Amino acid sequence: TLYTRSKDSDNWSPSPMSLARRRTYTSEIKWQEAGLLMDYYVQAEVEVGGARKTVTSPPEAPQRYYTVTLL
């Protein structure tokens with residue numbers, strides 16, 4: 001799942017991601033909020049040793065996240 005929000009907003013918006021190729025996922029962002037900066041992080045469920053685990057990128061998300069400039 002791709003989570004996005006306007007820079008420093010409190011509310012994250014989830015978007016599903018689709019498998020494009022081996023270990024490559026895609027998502028379409030429909031950006032409607034004002035502002036030039038967007039925060040985001042990715043969350044996935046994986047199976048490790050028979051147990052399901054939730055992982056994020058960056059690992060500390062949602063406390064830490066990536067930011068991009070929208071043009």
# chains A, B, ... in the order shown; residues from 1 in each chain; ligands from 1
call {"tool": "residues_around", "arguments": {"residues": "Tyr41 (chain A)", "least_positions_apart": "5", "cutoff": "9 Å", "atoms": "only C-alpha atoms", "output": "list in words"}}
result
Thr1, Leu2, Tyr3, Thr4, Thr56, Ser57, Pro58, Ala61, Pro62, Arg64, Tyr65, Tyr66 and Thr67 of chain A
call {"tool": "closest_atom_pairs", "arguments": {"of": "region 20-43 of chain A", "to": "region 11-15 of chain A", "cutoff": "12 Å", "atoms": "only C-alpha atoms", "output": "Markdown table"}}
result
| residue | atom | partner | partner_atom | distance |
| --- | --- | --- | --- | --- |
| A:Tyr25 | CA | A:Ser15 | CA | 11.9 |
| A:Thr26 | CA | A:Ser15 | CA | 10.1 |
| A:Ser27 | CA | A:Ser15 | CA | 7.0 |
| A:Glu28 | CA | A:Ser15 | CA | 7.8 |
| A:Ile29 | CA | A:Ser15 | CA | 7.7 |
| A:Lys30 | CA | A:Ser15 | CA | 9.4 |
| A:Trp31 | CA | A:Ser13 | CA | 10.4 |
| A:Gln32 | CA | A:Ser13 | CA | 11.5 |
| A:Glu33 | CA | A:Ser13 | CA | 11.3 |
| A:Met38 | CA | A:Trp12 | CA | 10.6 |
| A:Asp39 | CA | A:Trp12 | CA | 8.9 |
| A:Tyr40 | CA | A:Trp12 | CA | 8.4 |
| A:Tyr41 | CA | A:Trp12 | CA | 9.5 |
| A:Val42 | CA | A:Pro14 | CA | 9.3 |
| A:Gln43 | CA | A:Pro14 | CA | 9.6 |
call {"tool": "select_by_dssp", "arguments": {"residues": "chain A", "states": "strand (DSSP E or B)", "output": "PyMOL selection string"}}
result
chain A and resi 2-6+13-15+18-21+24-26+37-48+51-57+66-69
